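S.K.: Dropping a structure here in structure tokens format, bear with me for questions.
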Amino acid sequence: MNPEVNFSNLTIAELLTANFNFYEVLKKYDINFDKYFNKKLNIFCQEEQLDLLSLNEELNDKHAENKTESVTEESFLNILTLEQLCELIHYKYHHYLITNIPLIQASLKEAKDKNLFENIEDVYTLFSNTITTLLEHIRMEEDVLFPSIKEMLSSNNPIPVKELINQMEDEHEEEGVYFRKMESLTNNYTPPNGADSQTTSIFKQMKDFHICLMKHVYIENNVLFTKVNNSAKAM
Ligand SMILES: [Fe+2]
Ligand SMILES: [Fe+2]
């Protein structure tokens, strides 16, 4: 049996990000997600006079379950406010992308120096070129778009945000083109027959990165931007 995990020092947001199925456990307590999203589980229990140990146990039980009939990520995303969505994108997706960019680039550089697989030169050049734009894009969202969304909500003025969203959507398409090229140059990230472990590991790193990037773009385009546009229309 696995040792029990102590979740008490994680915020509600961190818990939900770690495992969306925790939503099922937390909603039973009629949790006010707005109020507690950024508060630790122990504070939530203290303020709501709940037993931390038994809640921790319930979370462990849920953690141990296989992902069967549980709340979908999409339905969880839909209950988040705009500010919460921005935070989720920031610390889950942007954090992953920013952390992995230098790791993948270093792996690709090594692969290029050793000429490890076909098209490595082109893949390395494409990746190196696209990450500059991608990092700039993420910075723009973090420093300009997300604060503007918050500003829009308080000022009731949707115009600057609409323009920014159009720009971000165009950039998402451009990123998609670069990554689809890399996908095709690596035969859908399939290592060639007899590939060594280094090549196999690089292909996996790239595939995971591409999936995360696409998922994050999907959430921005289809959940965040849709919600922002709907709020803007109502102003
Ligand atoms: Fe983003
Ligand atoms: Fe984006």
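Please note that chains go A, B, ... in the order of the structure tokens, that every chain numbers its residues from 1, and that ligands are numbered from 1 in the order shown.
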Please identify the residues whose atoms come within 7 Å of ligand 2, using only C-alpha atoms and all ligand atoms, and report them as a list in words.
M.R.: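 Checking only C-alpha atoms and all ligand atoms against ligand 2 at 7 Å gives His137, Ile138, Glu141, Met168, His172, Val217 and Glu220 of chain A.
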S.K.: Counting only C-alpha atoms and all ligand atoms, which residues of chain A fall within 12 Å of ligand 1, and what is the closest atom pair for each with its distance in Å at one decimal, ordered by chain and rising number, as a tab-separated table?
M.R.:
```
residue	atom	partner	partner_atom_place_in_ligand_line	distance
A:Leu85	CA	ligand 1	1 (Fe)	10.9
A:Cys86	CA	ligand 1	1 (Fe)	8.9
A:Glu87	CA	ligand 1	1 (Fe)	10.8
A:Leu88	CA	ligand 1	1 (Fe)	10.4
A:Ile89	CA	ligand 1	1 (Fe)	6.6
A:His90	CA	ligand 1	1 (Fe)	7.5
A:Tyr91	CA	ligand 1	1 (Fe)	10.5
A:Lys92	CA	ligand 1	1 (Fe)	10.2
A:Tyr93	CA	ligand 1	1 (Fe)	7.3
A:His94	CA	ligand 1	1 (Fe)	6.1
A:His95	CA	ligand 1	1 (Fe)	9.9
A:Tyr96	CA	ligand 1	1 (Fe)	10.9
A:Leu97	CA	ligand 1	1 (Fe)	9.2
A:Ile98	CA	ligand 1	1 (Fe)	10.5
A:Thr133	CA	ligand 1	1 (Fe)	11.9
A:Leu134	CA	ligand 1	1 (Fe)	8.8
A:Leu135	CA	ligand 1	1 (Fe)	9.4
A:Glu136	CA	ligand 1	1 (Fe)	10.2
A:His137	CA	ligand 1	1 (Fe)	7.2
A:Ile138	CA	ligand 1	1 (Fe)	5.2
A:Arg139	CA	ligand 1	1 (Fe)	8.5
A:Met140	CA	ligand 1	1 (Fe)	8.8
A:Glu141	CA	ligand 1	1 (Fe)	6.2
A:Glu142	CA	ligand 1	1 (Fe)	7.9
A:Asp143	CA	ligand 1	1 (Fe)	11.2
A:Val144	CA	ligand 1	1 (Fe)	11.7
A:Leu145	CA	ligand 1	1 (Fe)	9.7
A:Phe146	CA	ligand 1	1 (Fe)	9.8
A:Ile165	CA	ligand 1	1 (Fe)	11.0
A:Met168	CA	ligand 1	1 (Fe)	8.5
A:Glu169	CA	ligand 1	1 (Fe)	10.1
A:Glu171	CA	ligand 1	1 (Fe)	10.2
A:His172	CA	ligand 1	1 (Fe)	8.7
A:Glu175	CA	ligand 1	1 (Fe)	11.3
A:Cys212	CA	ligand 1	1 (Fe)	10.6
A:Leu213	CA	ligand 1	1 (Fe)	8.3
A:Met214	CA	ligand 1	1 (Fe)	10.0
A:Lys215	CA	ligand 1	1 (Fe)	10.0
A:His216	CA	ligand 1	1 (Fe)	6.4
A:Val217	CA	ligand 1	1 (Fe)	6.5
A:Tyr218	CA	ligand 1	1 (Fe)	9.7
A:Ile219	CA	ligand 1	1 (Fe)	8.8
A:Glu220	CA	ligand 1	1 (Fe)	6.7
A:Asn221	CA	ligand 1	1 (Fe)	9.5
A:Leu224	CA	ligand 1	1 (Fe)	10.2
A:Phe225	CA	ligand 1	1 (Fe)	11.1
```
S.K.: Have a look at A:Phe117, A:Phe7, A:Tyr29, A:Phe44 and name the one nearest to Pro191 of chain A; count only C-alpha atoms.
M.R.: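 Once distances to Pro191 of chain A are computed over only C-alpha atoms, the minimum belongs to A:Phe117.
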S.K.: Residues near Ala234 of chain A, anyone? I mean within 12 Å using only C-alpha atoms, not counting same-chain ones fewer than 5 positions away, as a PyMOL selection string.
M.R.: chain A and resi 152-153+156-158+227-229
S.K.: Residues within 10 Å of Tyr36 of chain A, please, as a list of chain:residue names. Count only C-alpha atoms; anything in the same chain fewer than 4 positions from it doesn't count.
M.R.: A:Thr11, A:Ile12, A:Ala13, A:Ile31, A:Asn32, A:Lys40, A:Leu41, A:Ile43, A:Phe44, A:Glu47
S.K.: With N, CA and C atoms retained, could you export that selection as a PDB file, in the first residue's frame?
M.R.:
```pdb
ATOM      1  N   THR A  11      -2.564  24.548  -1.935  1.00  0.00           N
ATOM      2  CA  THR A  11      -3.753  25.384  -2.081  1.00  0.00           C
ATOM      3  C   THR A  11      -4.820  24.587  -2.845  1.00  0.00           C
ATOM      4  N   ILE A  12      -6.047  25.066  -2.782  1.00  0.00           N
ATOM      5  CA  ILE A  12      -7.137  24.396  -3.503  1.00  0.00           C
ATOM      6  C   ILE A  12      -6.800  24.380  -4.997  1.00  0.00           C
ATOM      7  N   ALA A  13      -6.249  25.481  -5.484  1.00  0.00           N
ATOM      8  CA  ALA A  13      -5.881  25.558  -6.898  1.00  0.00           C
ATOM      9  C   ALA A  13      -4.828  24.513  -7.243  1.00  0.00           C
ATOM     10  N   ILE A  31     -17.671  23.838  -1.279  1.00  0.00           N
ATOM     11  CA  ILE A  31     -16.544  24.763  -1.165  1.00  0.00           C
ATOM     12  C   ILE A  31     -16.778  26.020  -2.008  1.00  0.00           C
ATOM     13  N   ASN A  32     -16.423  27.161  -1.427  1.00  0.00           N
ATOM     14  CA  ASN A  32     -16.497  28.419  -2.159  1.00  0.00           C
ATOM     15  C   ASN A  32     -15.158  28.589  -2.895  1.00  0.00           C
ATOM     16  N   LYS A  40      -4.570  27.447   1.369  1.00  0.00           N
ATOM     17  CA  LYS A  40      -4.152  26.067   1.610  1.00  0.00           C
ATOM     18  C   LYS A  40      -5.296  25.247   2.206  1.00  0.00           C
ATOM     19  N   LEU A  41      -5.193  23.949   1.975  1.00  0.00           N
ATOM     20  CA  LEU A  41      -6.239  23.045   2.449  1.00  0.00           C
ATOM     21  C   LEU A  41      -6.406  23.147   3.975  1.00  0.00           C
ATOM     22  N   ILE A  43      -5.991  25.707   5.871  1.00  0.00           N
ATOM     23  CA  ILE A  43      -6.695  26.959   6.212  1.00  0.00           C
ATOM     24  C   ILE A  43      -8.185  26.797   5.907  1.00  0.00           C
ATOM     25  N   PHE A  44      -8.467  26.168   4.753  1.00  0.00           N
ATOM     26  CA  PHE A  44      -9.861  25.915   4.387  1.00  0.00           C
ATOM     27  C   PHE A  44     -10.557  25.105   5.486  1.00  0.00           C
ATOM     28  N   GLU A  47     -11.007  27.243   8.700  1.00  0.00           N
ATOM     29  CA  GLU A  47     -12.057  28.269   8.605  1.00  0.00           C
ATOM     30  C   GLU A  47     -13.456  27.665   8.486  1.00  0.00           C
TER      31      GLU A  47
END
```
S.K.: Give me, please, the distance in Å between atom CA of Asn230 of chain A and atom CA of Gln167 of chain A, quoted to one decimal.
M.R.: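 Separating atom CA of Asn230 of chain A from atom CA of Gln167 of chain A is a distance of 17.8 Å.
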S.K.: If I take atom CA of Ile202 of chain A and atom CA of Glu173 of chain A, how far is one from the other in Å, to one decimal?
M.R.: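 About the pair atom CA of Ile202 of chain A and atom CA of Glu173 of chain A: they are 24.2 Å apart.
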S.K.: Considering only C-alpha atoms, state which residue in the set A:Glu183, A:Glu151, A:Asp170, A:Asp30 is at the smallest distance from Leu50 of chain A.
M.R.: A:Asp30
